[in-house]
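**Student:** Please find start-v4.txt (compact mmCIF, C-alpha atoms and all ligand atoms) on the next line:
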```txt
# COMPACT_ATOMS: atom_id res chain seq x y z
CA MET E 103 4.10 -31.85 -15.78
CA THR E 104 7.52 -30.65 -14.60
CA THR E 105 7.86 -26.92 -14.58
CA ARG E 106 10.76 -24.53 -14.32
CA PRO E 107 11.08 -23.37 -10.68
CA ILE E 108 10.18 -19.83 -9.65
CA GLU E 109 11.86 -17.94 -6.81
CA ILE E 110 10.06 -14.92 -5.35
CA ILE E 111 12.00 -12.60 -3.09
CA GLY E 112 9.65 -10.82 -0.67
CA GLY E 113 6.50 -12.21 0.91
CA GLY E 114 4.24 -9.16 1.08
CA LEU E 115 0.93 -8.94 -0.78
CA ALA E 116 2.50 -8.98 -4.25
CA GLY E 117 4.88 -11.90 -3.63
CA LEU E 118 2.40 -14.03 -1.68
CA SER E 119 -0.56 -13.55 -4.05
CA LEU E 120 1.56 -14.28 -7.12
CA GLY E 121 3.24 -17.24 -5.40
CA LEU E 122 -0.12 -18.67 -4.34
CA ALA E 123 -1.67 -18.40 -7.82
CA LEU E 124 1.42 -19.97 -9.44
CA ARG E 125 1.50 -22.76 -6.88
CA ARG E 126 -2.19 -23.51 -7.43
CA ALA E 127 -1.38 -23.81 -11.15
CA GLY E 128 1.18 -26.51 -10.30
CA VAL E 129 4.38 -24.44 -10.46
CA ARG E 130 7.22 -25.05 -7.99
CA VAL E 131 7.56 -21.78 -6.05
CA THR E 132 9.91 -20.70 -3.28
CA ILE E 133 9.32 -17.43 -1.43
CA LEU E 134 12.16 -15.91 0.59
CA GLU E 135 10.87 -13.51 3.23
CA ALA E 136 13.08 -11.47 5.55
CA GLY E 137 10.39 -11.25 8.27
CA VAL E 138 7.76 -13.50 9.85
CA TYR E 139 3.94 -13.83 10.03
CA PRO E 140 1.84 -12.43 11.49
CA ARG E 141 3.30 -8.96 11.83
CA HIS E 142 2.06 -5.40 11.78
CA ARG E 143 3.02 -3.25 8.80
CA VAL E 144 3.05 0.46 8.19
CA CYS E 145 -0.04 0.74 6.02
CA GLY E 146 -3.30 2.72 6.07
CA GLU E 147 -5.07 -0.66 5.78
CA PHE E 148 -7.79 0.41 3.35
CA ILE E 149 -7.80 -0.73 -0.27
CA THR E 150 -9.37 1.30 -3.04
CA GLY E 151 -9.81 0.35 -6.69
CA LEU E 152 -9.38 -3.40 -6.38
CA GLU E 153 -11.50 -5.01 -9.11
CA ALA E 154 -13.36 -8.30 -8.66
CA LYS E 155 -11.62 -9.78 -11.71
CA THR E 156 -8.18 -9.38 -10.05
CA VAL E 157 -9.45 -10.96 -6.84
CA THR E 158 -10.95 -13.88 -8.79
CA ARG E 159 -7.92 -14.41 -11.04
CA LEU E 160 -5.59 -14.58 -8.04
CA GLY E 161 -8.03 -16.66 -5.97
CA VAL E 162 -7.72 -14.34 -2.96
CA ALA E 163 -11.45 -13.71 -2.30
CA PRO E 164 -11.58 -15.85 0.89
CA PHE E 165 -8.84 -13.76 2.49
CA LEU E 166 -10.73 -10.52 1.87
CA ALA E 167 -14.19 -11.87 2.76
CA ASP E 168 -14.41 -10.24 6.20
CA ALA E 169 -13.05 -6.85 5.07
CA LEU E 170 -15.18 -3.87 6.09
CA HIS E 171 -16.73 -1.84 3.27
CA HIS E 172 -16.00 1.87 3.58
CA ARG E 173 -18.04 4.30 1.51
CA GLU E 174 -17.32 7.80 2.78
CA VAL E 175 -14.15 9.75 3.45
CA ALA E 176 -14.05 12.85 5.67
CA TRP E 177 -11.23 15.22 4.70
CA PHE E 178 -9.80 17.43 7.47
CA LEU E 179 -7.38 20.32 7.03
CA ARG E 180 -4.87 20.87 9.85
CA ASP E 181 -6.66 21.37 13.21
CA GLY E 182 -10.09 22.09 11.78
CA ALA E 183 -12.76 20.48 13.95
CA LYS E 184 -15.11 19.87 11.01
CA PRO E 185 -14.30 18.10 7.75
CA VAL E 186 -13.68 20.40 4.77
CA ARG E 187 -15.39 17.83 2.60
CA VAL E 188 -17.05 14.45 2.81
CA GLN E 189 -16.38 12.39 -0.28
CA ARG E 190 -18.53 9.46 -1.34
CA LEU E 191 -16.31 6.82 -2.95
CA PRO E 192 -17.43 5.49 -6.37
CA SER E 193 -16.93 1.97 -5.02
CA PRO E 194 -16.34 0.86 -1.43
CA ALA E 195 -12.81 0.74 -0.02
CA LEU E 196 -11.93 -2.44 1.86
CA GLY E 197 -10.77 -2.05 5.44
CA LEU E 198 -8.72 -4.87 6.94
CA SER E 199 -5.63 -5.45 9.02
CA ARG E 200 -2.38 -6.41 7.28
CA TYR E 201 -1.54 -8.40 10.42
CA ALA E 202 -4.29 -10.84 9.44
CA LEU E 203 -4.20 -10.54 5.65
CA ASP E 204 -0.50 -11.30 5.07
CA ALA E 205 -0.61 -14.20 7.53
CA ARG E 206 -3.65 -15.71 5.79
CA LEU E 207 -1.96 -15.53 2.39
CA ALA E 208 1.24 -17.03 3.80
CA ALA E 209 -0.67 -19.93 5.37
CA ALA E 210 -2.57 -20.57 2.11
CA PHE E 211 0.67 -20.56 0.12
CA VAL E 212 2.18 -23.18 2.44
CA ALA E 213 -1.06 -25.23 2.41
CA ALA E 214 -0.89 -25.24 -1.41
CA GLY E 215 2.59 -26.82 -1.20
CA GLY E 216 4.65 -23.64 -1.58
CA ASP E 217 8.10 -23.40 0.01
CA LEU E 218 8.03 -20.34 2.29
CA ARG E 219 11.31 -19.46 4.00
CA THR E 220 10.78 -16.82 6.66
CA HIS E 221 13.62 -15.05 8.51
CA THR E 222 15.50 -15.28 5.21
CA ARG E 223 16.82 -12.07 3.70
CA ALA E 224 18.03 -12.66 0.14
CA THR E 225 21.28 -10.92 -0.64
CA ASP E 226 21.53 -11.90 -4.30
CA LEU E 227 18.93 -9.81 -6.12
CA ALA E 228 20.63 -9.93 -9.52
CA PRO E 229 18.52 -10.71 -12.62
CA ASN E 230 18.17 -14.47 -12.96
CA PRO E 231 15.71 -16.61 -14.97
CA GLY E 232 12.73 -17.46 -12.74
CA ARG E 233 13.61 -14.88 -10.07
CA ILE E 234 10.93 -12.31 -9.21
CA LEU E 235 11.50 -9.34 -6.95
CA ALA E 236 8.57 -8.50 -4.66
CA THR E 237 10.76 -6.75 -2.11
CA GLY E 238 8.48 -3.78 -1.43
CA ARG E 239 9.32 -0.10 -1.59
CA ARG E 240 12.67 0.89 -3.02
CA ARG E 241 15.00 2.36 -0.43
CA GLY E 242 16.51 5.74 -1.10
CA HIS E 243 17.44 9.05 0.47
CA SER E 244 14.12 10.50 1.42
CA PRO E 245 12.82 12.66 4.28
CA TRP E 246 9.54 10.71 4.51
CA LEU E 247 8.65 8.51 7.46
CA GLY E 248 5.61 6.27 7.98
CA LEU E 249 4.08 5.57 11.43
CA LYS E 250 1.11 3.46 12.37
CA ILE E 251 -0.81 2.19 15.39
CA HIS E 252 -4.15 0.53 16.17
CA ALA E 253 -6.66 2.04 18.58
CA ARG E 254 -9.69 0.45 20.24
CA ASP E 255 -13.09 2.03 20.83
CA PHE E 256 -12.26 5.05 18.71
CA ALA E 257 -15.11 7.00 17.08
CA LEU E 258 -14.65 8.18 13.48
CA ALA E 259 -16.47 11.04 11.73
CA ARG E 260 -17.00 8.82 8.65
CA ASP E 261 -15.84 5.35 7.48
CA LEU E 262 -12.44 6.87 6.66
CA GLU E 263 -10.78 10.08 7.82
CA LEU E 264 -7.92 11.81 6.03
CA HIS E 265 -6.14 14.62 7.88
CA LEU E 266 -3.78 16.98 6.04
CA GLY E 267 -1.11 18.54 8.24
CA ASP E 268 2.11 20.45 7.88
CA HIS E 269 4.24 18.23 5.59
CA ALA E 270 2.19 15.25 6.72
CA TYR E 271 -1.07 13.43 6.22
CA VAL E 272 -2.78 10.78 8.30
CA GLY E 273 -5.42 8.22 7.39
CA LEU E 274 -7.81 6.60 9.85
CA ALA E 275 -9.70 3.46 8.86
CA ARG E 276 -11.76 0.96 10.79
CA VAL E 277 -10.17 -2.48 10.30
CA GLY E 278 -12.30 -4.53 12.69
CA ASP E 279 -15.42 -4.10 14.79
CA ASP E 280 -13.54 -2.41 17.61
CA THR E 281 -10.23 -1.49 15.93
CA VAL E 282 -9.22 1.64 14.04
CA ASN E 283 -5.91 1.90 12.20
CA ILE E 284 -4.09 5.23 12.32
CA CYS E 285 -1.31 5.62 9.80
CA GLY E 286 0.57 8.72 8.73
CA LEU E 287 3.21 9.94 6.36
CA PHE E 288 5.42 12.62 7.92
CA ARG E 289 8.45 14.66 6.96
CA ARG E 290 11.22 13.54 9.29
CA ARG E 291 11.88 15.75 12.32
CA GLU E 292 14.22 15.54 15.30
CA LEU E 293 11.83 14.22 17.93
CA CYS E 294 12.89 12.38 21.07
CA ALA E 295 10.12 9.84 21.71
CA LYS E 296 9.25 6.22 21.03
CA GLY E 297 6.19 4.17 20.06
CA ALA E 298 2.81 5.88 20.41
CA ASN E 299 4.47 8.99 21.90
CA LEU E 300 6.49 9.41 18.71
CA LEU E 301 3.30 9.37 16.66
CA LEU E 302 1.66 11.87 19.05
CA GLY E 303 4.77 14.08 18.79
CA TYR E 304 4.65 14.00 15.00
CA LEU E 305 0.94 14.86 15.02
CA GLN E 306 1.55 17.88 17.27
CA ALA E 307 4.49 19.03 15.15
CA ALA E 308 2.39 18.72 11.97
CA ALA E 309 -0.37 21.02 13.32
CA LEU E 310 -2.63 18.02 13.91
CA GLY E 311 -2.98 18.57 17.67
CA ALA E 312 -6.75 17.95 17.68
CA LEU E 313 -6.18 14.47 16.28
CA ALA E 314 -3.37 13.90 18.81
CA THR E 315 -5.81 14.82 21.62
CA ARG E 316 -8.38 12.32 20.32
CA LEU E 317 -5.70 9.63 20.20
CA THR E 318 -4.49 10.41 23.71
CA ALA E 319 -8.00 9.68 24.98
CA ALA E 320 -8.18 6.36 23.09
CA GLU E 321 -6.93 2.91 24.03
CA LEU E 322 -3.83 2.46 21.86
CA ASP E 323 -2.34 -0.97 21.18
CA PRO E 324 1.42 -0.57 21.71
CA ALA E 325 2.18 -3.94 20.07
CA SER E 326 0.75 -2.68 16.78
CA PHE E 327 2.99 0.39 16.59
CA CYS E 328 5.45 0.31 13.69
CA ALA E 329 7.54 2.74 11.68
CA VAL E 330 9.40 2.87 8.39
CA ALA E 331 11.89 5.50 7.30
CA ALA E 332 13.27 6.65 3.95
CA ILE E 333 10.07 6.14 1.96
CA SER E 334 10.88 7.17 -1.57
CA PHE E 335 8.17 7.65 -4.17
CA ASP E 336 9.69 6.47 -7.38
CA SER E 337 7.02 6.14 -10.00
CA ARG E 338 9.30 4.92 -12.79
CA VAL E 339 8.71 1.30 -13.72
CA PRO E 340 12.34 0.08 -13.92
CA PRO E 341 14.05 -1.63 -16.90
CA ALA E 342 12.85 -4.90 -18.32
CA ASP E 343 15.81 -7.13 -17.35
CA ARG E 344 13.88 -8.53 -14.38
CA VAL E 345 10.37 -9.10 -13.09
CA LEU E 346 9.32 -6.69 -10.34
CA VAL E 347 5.89 -6.71 -8.72
CA GLY E 348 4.19 -4.53 -6.08
CA ASP E 349 6.04 -1.56 -4.61
CA ALA E 350 9.31 -2.95 -6.00
CA CYS E 351 7.91 -2.08 -9.43
CA ALA E 352 6.54 1.35 -8.51
CA MET E 353 5.10 2.91 -5.37
CA ILE E 354 2.04 5.11 -5.55
CA PRO E 355 1.67 7.72 -2.76
CA PRO E 356 -0.28 6.25 0.17
CA PHE E 357 -3.12 8.82 0.19
CA THR E 358 -4.61 7.00 -2.82
CA GLY E 359 -5.17 3.82 -0.78
CA ASN E 360 -4.23 2.03 -3.98
CA GLY E 361 -0.82 0.50 -3.16
CA MET E 362 -2.26 -2.83 -2.04
CA ALA E 363 -4.53 -2.97 -5.10
CA MET E 364 -1.45 -2.34 -7.25
CA ALA E 365 0.39 -5.15 -5.46
CA PHE E 366 -2.43 -7.55 -6.38
CA GLN E 367 -2.82 -6.12 -9.89
CA SER E 368 0.90 -6.46 -10.65
CA ALA E 369 0.70 -10.10 -9.50
CA GLU E 370 -2.27 -10.56 -11.84
CA VAL E 371 -0.34 -8.97 -14.74
CA ALA E 372 2.70 -11.20 -14.09
CA LEU E 373 0.74 -14.43 -13.60
CA ASP E 374 0.16 -15.62 -17.19
CA PRO E 375 3.59 -14.65 -18.57
CA VAL E 376 5.35 -16.34 -15.61
CA LEU E 377 3.15 -19.43 -16.07
CA ALA E 378 4.14 -19.56 -19.75
CA PHE E 379 7.82 -19.34 -18.74
CA ALA E 380 7.43 -22.01 -16.04
CA ARG E 381 5.86 -24.35 -18.60
CA GLY E 382 8.75 -23.79 -21.00
CA ALA E 383 6.70 -21.88 -23.59
CA THR E 384 8.70 -18.62 -23.43
CA SER E 385 12.16 -17.37 -22.53
CA TRP E 386 12.84 -15.29 -19.42
CA THR E 387 13.78 -12.29 -21.55
CA GLU E 388 10.40 -12.40 -23.31
CA THR E 389 8.65 -12.85 -19.95
CA CYS E 390 10.36 -9.81 -18.42
CA ASP E 391 9.62 -7.72 -21.48
CA THR E 392 5.92 -8.69 -21.65
CA ILE E 393 5.35 -7.99 -17.95
CA HIS E 394 7.28 -4.71 -18.05
CA ARG E 395 5.22 -3.38 -20.95
CA ALA E 396 1.92 -4.50 -19.40
CA LEU E 397 2.75 -2.93 -16.01
CA ARG E 398 3.75 0.37 -17.60
CA ARG E 399 0.50 0.45 -19.58
CA ARG E 400 -1.62 -0.39 -16.58
CA PHE E 401 -0.07 1.99 -14.05
CA ARG E 402 1.28 4.93 -16.08
CA VAL E 403 -1.69 7.31 -15.77
CA ARG E 404 -2.40 6.73 -12.09
CA LEU E 405 1.27 7.07 -11.08
CA ALA E 406 1.64 10.33 -13.02
CA SER E 407 -1.64 11.70 -11.57
CA ALA E 408 -0.65 10.78 -8.01
CA ASP E 409 2.79 12.40 -8.45
CA LEU E 410 1.11 15.59 -9.58
CA LEU E 411 -1.36 15.71 -6.71
CA HIS E 412 0.90 14.56 -3.86
CA PRO E 413 2.58 17.97 -3.13
CA PHE E 414 -0.88 19.57 -2.80
CA LEU E 415 -1.64 17.27 0.13
CA LEU E 416 1.62 17.88 1.93
CA GLN E 417 2.65 21.51 1.55
CA PRO E 418 0.72 24.12 3.58
CA PRO E 419 0.36 26.84 0.87
CA ARG E 420 -0.90 24.31 -1.67
CA GLN E 421 -3.13 22.69 0.98
CA ARG E 422 -4.84 26.06 1.57
CA TRP E 423 -5.48 26.37 -2.14
CA LEU E 424 -6.79 22.80 -2.26
CA GLY E 425 -8.97 23.47 0.83
CA ALA E 426 -10.51 26.56 -0.80
CA LEU E 427 -11.29 24.64 -3.99
CA THR E 428 -12.72 21.76 -2.00
CA ARG E 429 -14.97 23.98 0.16
CA ALA E 430 -16.21 25.72 -2.97
CA ARG E 431 -16.94 22.28 -4.41
CA LEU E 432 -14.76 23.08 -7.41
CA LEU E 433 -12.50 20.06 -7.02
CA PRO E 434 -13.60 17.38 -9.50
CA LEU E 435 -13.34 14.47 -7.07
CA ARG E 436 -14.80 11.80 -9.36
CA PRO E 437 -12.46 12.43 -12.33
CA LEU E 438 -9.52 12.70 -9.91
CA TYR E 439 -10.45 9.38 -8.31
CA ALA E 440 -10.70 7.79 -11.76
CA ALA E 441 -7.26 9.14 -12.76
CA LEU E 442 -5.72 7.81 -9.53
CA HIS E 443 -7.02 4.27 -9.83
C1 LIG O 1 2.65 5.26 5.25
C2 LIG O 1 2.05 4.29 4.27
C3 LIG O 1 0.66 4.13 4.24
C4 LIG O 1 0.08 3.27 3.29
N1 LIG O 1 -1.27 3.14 3.27
C5 LIG O 1 -1.85 2.35 2.34
C6 LIG O 1 -3.27 2.19 2.29
O1 LIG O 1 -4.02 2.71 3.10
N2 LIG O 1 -3.79 1.41 1.29
C7 LIG O 1 -3.02 0.79 0.37
O2 LIG O 1 -3.55 0.11 -0.52
N3 LIG O 1 -1.68 0.89 0.41
C8 LIG O 1 -1.07 1.65 1.37
N4 LIG O 1 0.29 1.75 1.43
C9 LIG O 1 1.08 1.01 0.43
C10 LIG O 1 1.06 -0.50 0.70
O3 LIG O 1 1.43 -0.77 2.02
C11 LIG O 1 2.03 -1.14 -0.27
O4 LIG O 1 1.76 -0.69 -1.58
C12 LIG O 1 1.94 -2.67 -0.25
O5 LIG O 1 2.27 -3.15 1.01
C13 LIG O 1 2.89 -3.23 -1.29
O6 LIG O 1 2.98 -4.62 -1.16
P1 LIG O 1 4.32 -5.38 -1.60
O7 LIG O 1 4.03 -6.82 -1.51
O8 LIG O 1 4.81 -4.81 -2.87
O9 LIG O 1 5.40 -4.92 -0.53
P2 LIG O 1 5.46 -5.21 1.02
O10 LIG O 1 4.13 -5.44 1.59
O11 LIG O 1 6.30 -4.10 1.59
O12 LIG O 1 6.26 -6.57 1.13
C14 LIG O 1 7.61 -6.68 0.74
C15 LIG O 1 8.22 -7.82 1.53
O13 LIG O 1 9.52 -8.10 1.02
C16 LIG O 1 10.35 -8.45 2.11
N5 LIG O 1 11.73 -8.23 1.69
C17 LIG O 1 12.31 -7.06 1.27
N6 LIG O 1 13.59 -7.28 0.90
C18 LIG O 1 13.81 -8.60 1.06
C19 LIG O 1 14.94 -9.44 0.82
N7 LIG O 1 16.09 -8.95 0.35
N8 LIG O 1 14.84 -10.76 1.10
C20 LIG O 1 13.68 -11.28 1.57
N9 LIG O 1 12.59 -10.53 1.82
C21 LIG O 1 12.64 -9.21 1.56
C22 LIG O 1 9.90 -7.55 3.25
O14 LIG O 1 10.22 -8.09 4.51
C23 LIG O 1 8.38 -7.51 3.01
O15 LIG O 1 7.70 -8.49 3.74
C24 LIG O 1 0.90 2.56 2.38
C25 LIG O 1 2.29 2.70 2.44
C26 LIG O 1 2.86 3.56 3.37
C27 LIG O 1 4.35 3.69 3.42
```
Can you turn what I pasted into structure tokens?
Ligand SMILES: Cc1cc2nc3c(=O)[nH]c(=O)nc-3n(C[C@H](O)[C@H](O)[C@H](O)COP(=O)(O)OP(=O)(O)OC[C@H]3O[C@@H](n4cnc5c(N)ncnc54)[C@H](O)[C@@H]3O)c2cc1C

**Tutor:**
Amino acid sequence: MTTRPIEIIGGGLAGLSLGLALRRAGVRVTILEAGVYPRHRVCGEFITGLEAKTVTRLGVAPFLADALHHREVAWFLRDGAKPVRVQRLPSPALGLSRYALDARLAAAFVAAGGDLRTHTRATDLAPNPGRILATGRRRGHSPWLGLKIHARDFALARDLELHLGDHAYVGLARVGDDTVNICGLFRRRELCAKGANLLLGYLQAAALGALATRLTAAELDPASFCAVAAISFDSRVPPADRVLVGDACAMIPPFTGNGMAMAFQSAEVALDPVLAFARGATSWTETCDTIHRALRRRFRVRLASADLLHPFLLQPPRQRWLGALTRARLLPLRPLYAALH
């Protein structure tokens, strides 16, 4: 059956997983990707709240099969040597490297007959029938910066560590037998350093010196260092004149570990309506409208909850308040987790 062609701009998790599922359903799909595979990405590299039905619907189970299963999170406040709280997750978080995951999805998309054009930055992003934007986070004026690096032979207090610092937080997750990912969100400062030293400088400046000391003693992989600037957290799902998936649709603050799950879930939401369009059963306007409404319904509560909580993780006076509640075991972690996922 001939189908209408689909063009996806952006080959991250959202674009690749949607492209792969469409291609496997016989749709002609082109993905334009500004970068190449494999490559390191600024990401905490643990996924929470990804349901089996999404994985099955998108057919991505084989690419997640070797992910580590993380069950406990140790929360640290500033330079405290001991965690203020150890949280047991209601379901395991998946730990895996984006370097491997994105490359696996890209290879599967090509193997399924998809047209993947790397090193190709699309300049025309205007609404167009069959065009889907999976371009990642929206750029804007923002003081937030993301930094990440891999370390080898690095001991963790629990499966995951989350450290709250001065206008910063940092997540540590094991992503392979001997590899730990360290990724942080920091308020931009004037620091004169590069690579791992920049991360160490940011940790010191954010009152996370104890973590910086641990990292200094570890074997850091300089090739895995990466940074992104101007991270803006816009939780509004934009108007329905186009199809947007993943962070392009809305970005949830990273501490939730839910951004990658949302990338997959938005691809899942878009899949059937885009298939119907490709097969000529619906118009593009209807397709955009259906997907927009479904995405708003699915993500509204978690985006609003994360927006509310985010300042408490970043600002020292609110962190102290949060720390006191946490130590007193008055923070309802389970309901909060449910609201955020
Ligand atoms: C500091 C930080 C830590 C995070 N930690 C976690 C975590 O631990 N767990 C989690 O689940 N999520 C985390 N996230 C969020 C997660 O990384 C994103 O939600 C996820 O990558 C979104 O996938 P995506 O496909 O929408 O976008 P991306 O993965 O960003 O992919 C978008 C792609 O589009 C391409 N592109 C953009 N513009 C164009 C163009 N014009 N033409 C062609 N290509 C283009 C880019 O090159 C990129 O490859 C974190 C984010 C940050 C910033």

**Student:** Would you please work out which residue, of E:Leu346, E:Ala236, E:Ala314, E:Leu198, is nearest to ligand LIG 1 (chain O) when using all atoms listed in the file?

**Tutor:**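 Closest candidate: E:Ala236.
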
**Student:** Within 10 Å of E:Val345, counting only C-alpha atoms, which residues show up once you throw out same-chain ones fewer than 6 positions away? Write them as a list in words, please.

**Tutor:**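 Non-adjacent residues within range: Ile110, Pro229, Asn230, Pro231, Gly232, Arg233, Ile234, Leu235, Ala236, Cys351, Ala372, Val376, Trp386, Thr387, Thr389, Cys390, Asp391, Thr392, Ile393 and His394 of chain E.
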
**Student:** Within 6 Å of ligand LIG 1 (chain O) (counting all atoms listed in the file), which residues show up? I'd like them as a PyMOL selection string.

**Tutor:** chain E and resi 111-117+134-137+144-149+222-225+236-239+248+286-287+348-350+356+359-363+365

**Student:** Identify which of the residues E:Leu416, E:Met353, E:Arg399, E:Arg289 lies closest to E:Ser244, counting only C-alpha atoms when measuring atom-to-atom distances.

**Tutor:**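 Selected residue with least distance to E:Ser244: E:Arg289.
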
**Student:** For E:Arg404, list every protein, DNA or RNA residue within 7 Å, evaluated using all atoms listed in the file, and leave out those in the same chain fewer than 4 positions away; present the list as a PyMOL selection string.

**Tutor:** chain E and resi 408+441-443

**Student:** Around the point (5.2, 7.0, -8.6) (coordinates from the file), which residues reach within 10 Å if we count all atoms listed in the file? Answer as an MDAnalysis selection string.

**Tutor:** chainID E and resid 334:339 349 351:355 401:410 412

**Student:** Measuring atom to atom with only C-alpha atoms, identify which of E:Leu300, E:Leu249, E:Ala369, E:Leu191 is nearest to E:Leu438.

**Tutor:**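 Closest to E:Leu438, using only C-alpha atoms: E:Leu191.
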
**Student:** In Å, rounded to a single decimal, give me how far atom CA of E:Gly128 is from atom CA of E:His221.

**Tutor:**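 One can read the atom CA of E:His221 to atom CA of E:Gly128 distance as 25.3 Å.
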
**Student:** Do you have the atom CA of E:Arg422-atom CA of E:Thr358 distance handy?

**Tutor:**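 Between atom CA of E:Arg422 and atom CA of E:Thr358 the gap is 19.6 Å.
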
**Student:** Please measure the separation of atom CA of E:Pro245 and atom CA of E:His142, giving the value in Å to one decimal.

**Tutor:**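 So the two atoms, atom CA of E:Pro245 and atom CA of E:His142, lie 22.3 Å apart.
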
**Student:** Compare E:Glu174, E:Asp217, E:Glu321, E:Asp374 by their minimum atom-to-atom distance to E:Ala257, counting all atoms listed in the file, and give me the closest one.

**Tutor:** E:Glu321

**Student:** If you count all atoms listed in the file, which residues fall within 9 Å of E:Arg400, apart from same-chain ones fewer than 4 positions away, as a list in words?

**Tutor:**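 Surrounding residues, per the criterion: Gln367, Ser368, Val371, Arg395, Ala396 and Arg404 of chain E.
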
**Student:** Considering only C-alpha atoms, state which residue in the set E:Arg130, E:Ala270, E:Leu179, E:Leu203 is at the smallest distance from E:Pro413.

**Tutor:**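 Going through E:Arg130, E:Ala270, E:Leu179, E:Leu203 one by one, the smallest distance to E:Pro413 is for E:Ala270.
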
**Student:** Output stretch 349-365 of chain E from the block with C-alpha atoms, as a compact mmCIF listing (two decimals), in the first residue's frame?

**Tutor:**
```txt
# COMPACT_ATOMS: atom_id res chain seq x y z
CA ASP E 349 11.27 17.59 24.69
CA ALA E 350 10.10 19.63 21.69
CA CYS E 351 6.60 19.13 23.06
CA ALA E 352 7.42 19.81 26.71
CA MET E 353 10.46 19.30 28.92
CA ILE E 354 10.08 17.95 32.42
CA PRO E 355 12.83 18.91 34.91
CA PRO E 356 15.63 16.32 34.85
CA PHE E 357 15.46 15.35 38.56
CA THR E 358 12.35 13.28 37.74
CA GLY E 359 14.36 10.96 35.45
CA ASN E 360 11.23 10.94 33.33
CA GLY E 361 12.26 12.91 30.21
CA MET E 362 13.29 9.81 28.25
CA ALA E 363 10.09 8.01 29.26
CA MET E 364 8.14 11.05 28.03
CA ALA E 365 10.05 10.95 24.74
```
